[in-house]
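Participant: There's a structure below that I have some questions on.
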Amino acid sequence: MGSEVTDETNGWQEAWEAAENGAVAVMDCHEEIPCNPCQEACPNGAIRVEPHVCALPRLDPGACNGCGRCVALCPGMAVFLLDRRERNGFARVTVPYEMGGKPVEGDVVQVVDGEGKALTEGKILKVRAWGGEAPTLLLTVRVPEEVALKVRGVRYRLIELDEGLEVENAPPLLDYPICRCEDVSLQNVRETLRSGVRSLLTLRRATRVGLGYCQGLFCQSSLREELAAAAGREAWKMGSFRVRPPVRPVKLGRLGGENA
Amino acid sequence: MKLRRESHPLVVVGAGPAGLCAALEAAEAGLPPLVLDEGSRGGGQLVKQIHRFFGSREHGAGKRGFQIAEELVSGCLGKGVEIRLGHKVLGFFPDGRLLVDGDEGVFVLQPGATILATGAVEKSFPFPGWTLPGVMGAGAAQTLVNQHRVMPGKRALMVGAGNVGLIVAYQLLQAGVEVAGVIEVNRAVGGYAVHAGRLRREGVPILLRHRLRAAEGKKEVESVLVEDMERGTWKRFSVDTLCLAVGMAPQAELAAMRGCRLVYLSELGGFLPWHDRAMRTDRPGVYVAGDLAGVEEASVAMDEGRLAGLAAALDAGVLDPGEAAERMEEVMDRLELLRGGPFGEPRRKAKERLCSMTGLVTGGAGRKAGIRGRTGRR
Amino acid sequence: MKKGKGCEGKAPGMRVRGHPVLGEPPGGREITVFLDGKPLPAREGEPLAAALFASGIRVAHYAAEGREPRGPFCMIGRCTECRMVLEGKGMVLTCLTPAEEGMRLHTPGRRGKP
C-alpha cells in the first residue's frame, strides 16, 4: 500500500499517486549496472538515466503516459505499470512476460511476488506485445490495491518448491577422475605429488594428465591448484602447459594437404 | 607438407561481438578484414543469447543477443568484410603466420596484422560424478535449448548464481526444463539483482552458502548431493541435469603460441594477453579484444573490438592519426562509463593496472603495478 | 527421494516446442540416422548430438575400459566428450557434425562390444 512506499524505492510514492489517473511505470531497479534501454524506449522522455549509463533510472510520473514500452524493453524485466484508475480497492498491474503458456485475455493466473509466492489469483485483462520481431508480452492483471506494488509476475501454475531432501549421513566421497580425457584419478595425482613432483610438466609425464584430446583445457586449472596446495604456493605461479598447434583436433591427412 | 598459402592485410580471429565490431571499424577506415570463425553462424556467443541486452544504444541494448548478432554480421558484409565460418585456426606462429583449417583444406595464412577475439571458455572443476552424462557447462545447456532447440534433460540444478547461471536457469525454464534451484557457495548472489529477481518470481530458489558435493547415477545423472554450509547438512536433489556456471577464462592459447606476454588478473578471468588501452599486445601487429582481453560484458567486448579495429587501421596507415585519436577517445570514454558501478569497478581497476604499463611489462615493473606476469612462449 | 520428477525413463519429445521468445524451431527436413544399428529421427543439418538429446540419449561413449559413460559437456567442440564413431569418417565430435540422411553412428568403448 501507499504507506509502504518510501522515497528510497525510486520514486514509487509519486508513481503511486500518479497512478490514480491512469497507468504509470514503476521501476524496480536498484543496482548501478551499465544499462539504459528504458530511457531510449520512452517516447516522452519521462525516464532519465543520468549522468551516465550506470546511474539509476529516474521516472517523471507526470510525463509518463503508461505506454509500457520500457516494461517490454527493460533487459532486467524490472519495470511494471500500475494503474489505480478504478478507485474501488483494485489496481491494474502490467508485468513483462516471456514464459510459456501462451497467455490470452481472460486467463486466470497466479499473481506472484518477488519470491515467487502467490499473492492472489487474477484475471488477465489485456495481452499486448512490444519489442521488435521477438516481442515481450505485457500482461495486465487486476489485483487488490494492497498487493499491487508487490506484484512481480504471473504464473500459470505454482511449482511446489523442492529444497532437496535431507540426507541422513554424508556418503563417503569416492575417487574420481581429474583428467577426463586420460582418465587420471585425483588420488593418482595426489600420490604423485606426495612423491615430490612439483611441476605441471613432470606431473604430466608421470600420470598422462593433460595429454588427451582436450590438451589440458579442462583439467589444467585444477592441476595447478593441486600443485599449489602441495607446494604451498599460489596457483597462478604453477605455470601452464605449453600450447602447441593444432589447438583444435584435426585429422593428420588434412595437415598433409588432403581435404577429405 | 605442401599447404596452400594465402595472405591478407588484416585478419580477425573470432566472429563474436568483439571480432565483428573490430571488423566493422577497420572496414569503415578502409581496411576490410578477413574474419575467421569456427562456428557455423556469425555472432559468437550472441547467437545463443535470447534475453535483451544491457548497455546502451551503441551496443544494441534492449535487443536480444541473436538479433544483435544478425545486425553485426549484415553490417560487416555490407562493408566488404569477408567472414569465413567453419574455419578453425589451428596455430598462430611466432613469425605471425596462421594455420587455418577450413572447407578449402588446411592452409597457411600470412596476415599483415591480426586481431585476436577468441573469447572465453567456461571453467569447470572436478567433483565426484562430474563425468556422468547430464553434467555439463551452463553454456552447453544454453546452446542446446536456444540454438539446437532440444532440452538437455527434464529437471536441472544450476551451480553458480553469477549472471551466466541466473540467465541460463531462466532460459532453461523458458524452454520447458524444470529448474530445481540455483546453488551458490557465497553469501550473496554474484549476478545482477534483476536476473535473480526474474528467476525467483518463477519460484526457483537461489540457495546461498550451498556447495555442490556430488552427482550421482549409474549411467547418467539421477540426483545431486549438495551441502548446506551453514547447517552442515546434506541434501539430495532429484534432477537429471547438472549445469555448471562457475566462471569463464580467456581463451588465450593462440595469443600464447604467438608469444604474447600473458598476465594473470583474477578479476578478468585468469591469464590474458597484456595489452595497452588501444588493445595492442606486446607483439607488433597483434591486437586483442573482448573476453580474451578479460572476461566482461558483451557491450565492453564490442567497444574493445572497435578500439582494436581502429588501432589496426591506424597502425596500417589507412586512418588519419587525428581522426583515429578522436574516435578512440570517444570509445575509451564510453568504456570507462560501462565499467562504472559496483560490478564494473573491480574490472575497471584491473584493466587500469594492466594498461598503466607502457610497452613490454618487465617482471619487476609488473610486480610493482600488482600485475602477475609470465611470457606465453617458453 | 521423490519419484516421478522426470529423472527416470527417457521419454522422447525432448525438443523445445512453443518457445515464448523463439517460437517453433526452424523446420529442417526429417531424416533418419542410425545409432548402433537402430533408427533415430533427426533434423537435417542439426548436430548429431542434438538429435541424440532430442531422443533423450546422452551417453556418447564409454571411457575407462567401458566402466564410465560419458556425454556432451561443452557442446562447442572443446571437451571432446561427445565423440562417437561415424561410419566412413571414424571418430567425430557429434556436437559439431551436422546430421545427414542415413548416417550410422556407433557408441565406442562399451564393455563387451568392439
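By convention in this document, the chains of the C-alpha cells carry letters A, B, ... by their order, each chain's residues are numbered from 1, and ligands are numbered from 1 in the order they are shown.
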I'd like the neighbourhood of segment 243-253 of chain A as a ChimeraX atom specification, where a residue qualifies if any of its atoms comes within 6 Å (using only C-alpha atoms), though same-chain residues fewer than 4 positions away should be ignored.
Facilitator: /A:258 /B:90-91,257
Participant: Write out the residues from the selection above, keeping N, CA and C atoms, as a tab-separated table (two decimals), in the first residue's frame.
Facilitator:
chain	number	residue	atom	x	y	z
A	258	GLU	N	45.54	-32.94	-47.62
A	258	GLU	CA	44.32	-33.58	-48.11
A	258	GLU	C	43.12	-32.78	-47.66
B	90	LEU	N	44.25	-23.29	-36.26
B	90	LEU	CA	44.94	-24.37	-35.54
B	90	LEU	C	46.21	-23.87	-34.87
B	91	GLY	N	46.80	-22.82	-35.44
B	91	GLY	CA	48.05	-22.32	-34.88
B	91	GLY	C	48.30	-20.87	-35.24
B	257	MET	N	50.69	-18.93	-28.06
B	257	MET	CA	51.51	-19.57	-29.08
B	257	MET	C	52.27	-18.52	-29.90
Participant: Residues of chain A no more than 6 Å from chain B, counting only C-alpha atoms: send them over as number ranges by chain.
Facilitator: A: 32-37, 54, 73, 75-76, 99, 114-116, 164-167, 176, 178, 243, 245-248, 256-257, 259
Participant: Could you tell me which of C:Leu52, C:Leu105, C:Leu93, C:Val33 comes closest to chain B if we count only C-alpha atoms?
Facilitator: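 For chain B, the nearest of the candidates is C:Leu52.
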Participant: Once you count only C-alpha atoms, which residues of chain C turn out to be within 6 Å of chain A? Could you give them as number ranges by chain?
Facilitator: C: 20-21, 79
Participant: Write the residues of the preceding selection, restricted to N, CA, C and O atoms, as an mmCIF file, in the first residue's frame.
Facilitator:
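Just written: out02.cif:
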data_model
loop_
_atom_site.group_PDB
_atom_site.id
_atom_site.type_symbol
_atom_site.label_atom_id
_atom_site.label_comp_id
_atom_site.auth_asym_id
_atom_site.auth_seq_id
_atom_site.Cartn_x
_atom_site.Cartn_y
_atom_site.Cartn_z
ATOM 1 N N PRO C 20 8.492 -19.303 -25.906
ATOM 2 C CA PRO C 20 7.863 -17.985 -25.792
ATOM 3 C C PRO C 20 8.616 -16.868 -26.521
ATOM 4 O O PRO C 20 8.014 -15.852 -26.848
ATOM 5 N N VAL C 21 9.892 -17.034 -26.759
ATOM 6 C CA VAL C 21 10.651 -15.992 -27.459
ATOM 7 C C VAL C 21 10.985 -16.432 -28.884
ATOM 8 O O VAL C 21 10.863 -15.670 -29.832
ATOM 9 N N CYS C 79 35.489 -30.037 -25.370
ATOM 10 C CA CYS C 79 35.733 -31.072 -24.368
ATOM 11 C C CYS C 79 35.943 -32.444 -24.996
ATOM 12 O O CYS C 79 36.535 -33.315 -24.382
#
Participant: With only C-alpha atoms as the counted atoms, please give the residues lying no more than 10 Å from Leu48 of chain C, apart from itself and same-chain residues fewer than 2 positions off, as a compact mmCIF listing (two decimals) with N, CA and C atoms, in the first residue's frame.
Facilitator:
# COMPACT_ATOMS: atom_id res chain seq x y z
N VAL C 33 18.81 -41.26 -38.90
CA VAL C 33 20.20 -41.72 -38.76
C VAL C 33 20.13 -43.01 -37.94
N ALA C 42 16.05 -37.48 -36.84
CA ALA C 42 16.90 -36.30 -36.72
C ALA C 42 16.39 -35.25 -37.69
N ARG C 43 16.83 -34.03 -37.48
CA ARG C 43 16.55 -32.95 -38.43
C ARG C 43 17.81 -32.72 -39.23
N GLU C 44 17.66 -32.67 -40.53
CA GLU C 44 18.82 -32.49 -41.40
C GLU C 44 19.59 -31.24 -40.99
N GLY C 45 20.88 -31.37 -40.83
CA GLY C 45 21.73 -30.22 -40.56
C GLY C 45 21.96 -29.93 -39.09
N GLU C 46 21.13 -30.48 -38.21
CA GLU C 46 21.37 -30.24 -36.79
C GLU C 46 22.56 -31.11 -36.36
N ALA C 50 22.63 -33.09 -30.97
CA ALA C 50 21.30 -32.53 -30.72
C ALA C 50 20.22 -33.57 -31.03
N ALA C 51 20.42 -34.31 -32.10
CA ALA C 51 19.46 -35.36 -32.46
C ALA C 51 19.39 -36.41 -31.35
N LEU C 52 20.54 -36.74 -30.76
CA LEU C 52 20.58 -37.72 -29.68
C LEU C 52 19.85 -37.17 -28.46
N PHE C 53 20.14 -35.93 -28.08
CA PHE C 53 19.44 -35.31 -26.94
C PHE C 53 17.94 -35.31 -27.18
N ALA C 54 17.52 -35.03 -28.42
CA ALA C 54 16.10 -34.95 -28.74
C ALA C 54 15.39 -36.25 -28.44
N CYS C 82 31.75 -35.68 -26.48
CA CYS C 82 30.62 -36.10 -27.31
C CYS C 82 31.08 -37.00 -28.44
N MET C 84 32.01 -39.84 -30.99
CA MET C 84 31.43 -41.13 -31.34
C MET C 84 32.04 -41.56 -32.67
N VAL C 92 34.27 -38.77 -34.61
CA VAL C 92 33.87 -37.38 -34.87
C VAL C 92 33.33 -36.76 -33.58
N LEU C 93 33.35 -35.43 -33.54
CA LEU C 93 32.69 -34.72 -32.45
C LEU C 93 31.23 -34.52 -32.87
N THR C 94 30.32 -35.19 -32.15
CA THR C 94 28.92 -35.15 -32.59
C THR C 94 28.29 -33.78 -32.37
N CYS C 95 28.89 -32.95 -31.49
CA CYS C 95 28.30 -31.63 -31.26
C CYS C 95 28.55 -30.69 -32.43
N LEU C 96 29.49 -31.06 -33.33
CA LEU C 96 29.81 -30.18 -34.46
C LEU C 96 29.49 -30.81 -35.81
N THR C 97 29.09 -32.09 -35.80
CA THR C 97 28.88 -32.79 -37.07
C THR C 97 27.41 -32.75 -37.47
N PRO C 98 27.08 -32.10 -38.59
CA PRO C 98 25.68 -31.99 -39.00
C PRO C 98 25.11 -33.35 -39.43
N ALA C 99 23.86 -33.60 -39.04
CA ALA C 99 23.21 -34.86 -39.37
C ALA C 99 22.85 -34.91 -40.84
N GLU C 100 23.12 -36.07 -41.45
CA GLU C 100 22.72 -36.32 -42.84
C GLU C 100 21.98 -37.65 -42.90
N MET C 103 23.15 -41.57 -41.87
CA MET C 103 24.43 -41.67 -41.14
C MET C 103 24.35 -42.78 -40.10
N LEU C 105 25.93 -44.13 -36.68
CA LEU C 105 26.75 -43.79 -35.52
C LEU C 105 26.94 -45.00 -34.63
Participant: Any chance you could tabulate, as a Markdown table, the residues of chain B at most 7 Å from chain C with each one's nearest atom pair and distance in Å to one decimal, using only C-alpha atoms, in chain and rising number order?
Facilitator:
| residue | atom | partner | partner_atom | distance |
| --- | --- | --- | --- | --- |
| B:Thr131 | CA | C:Arg70 | CA | 6.1 |
| B:Leu132 | CA | C:Arg70 | CA | 5.8 |
| B:Pro133 | CA | C:Gly71 | CA | 4.4 |
| B:Gly134 | CA | C:Arg58 | CA | 6.9 |
| B:Val135 | CA | C:Phe73 | CA | 6.6 |
| B:Met136 | CA | C:Phe73 | CA | 4.3 |
| B:Gly137 | CA | C:Cys74 | CA | 5.7 |
| B:Gly139 | CA | C:Cys74 | CA | 6.9 |
| B:Ala140 | CA | C:Cys74 | CA | 4.8 |
| B:Thr143 | CA | C:Met75 | CA | 7.0 |
| B:Leu144 | CA | C:Ala50 | CA | 7.0 |
| B:Val145 | CA | C:Val16 | CA | 6.9 |
| B:His148 | CA | C:Ala50 | CA | 6.3 |
| B:Arg149 | CA | C:Val16 | CA | 5.2 |
| B:Val150 | CA | C:Arg15 | CA | 4.2 |
| B:Met151 | CA | C:Met14 | CA | 5.3 |
| B:Pro152 | CA | C:Phe53 | CA | 6.3 |
| B:Lys154 | CA | C:Gly6 | CA | 5.7 |
| B:Arg155 | CA | C:Gly6 | CA | 6.6 |
| B:Gln174 | CA | C:His19 | CA | 6.7 |
| B:Ala175 | CA | C:Val16 | CA | 5.7 |
| B:Gly176 | CA | C:Val16 | CA | 6.9 |
| B:Lys219 | CA | C:Pro69 | CA | 6.1 |
| B:Glu222 | CA | C:Cys7 | CA | 5.8 |
| B:Ser238 | CA | C:Met1 | CA | 6.7 |
| B:Val239 | CA | C:Cys7 | CA | 5.9 |
| B:Asp240 | CA | C:Cys7 | CA | 5.2 |
Participant: I'd like to know which residues of segment 34-197 of chain A are helix (DSSP H, G or I) (by DSSP, run on the backbone); could you write them as a PyMOL selection string?
Facilitator: chain A and resi 37-41+61-63+69-73+145-150+186-194
Participant: What is the distance, in Å and to one decimal place, between atom CA of Arg347 of chain B and atom CA of Gly269 of chain B?
Facilitator: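 According to the coordinates, atom CA of Arg347 of chain B and atom CA of Gly269 of chain B are separated by 9.9 Å.
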Participant: Please extract the residues of segment 95-256 of chain B with a backbone DSSP assignment of strand (DSSP E or B) and present them as a ChimeraX atom specification.
Facilitator: /B:98-102,105-116,120-122,135-137,150,155-159,178-184,206-208,210-216,223-228,233-237,241-244,248-250
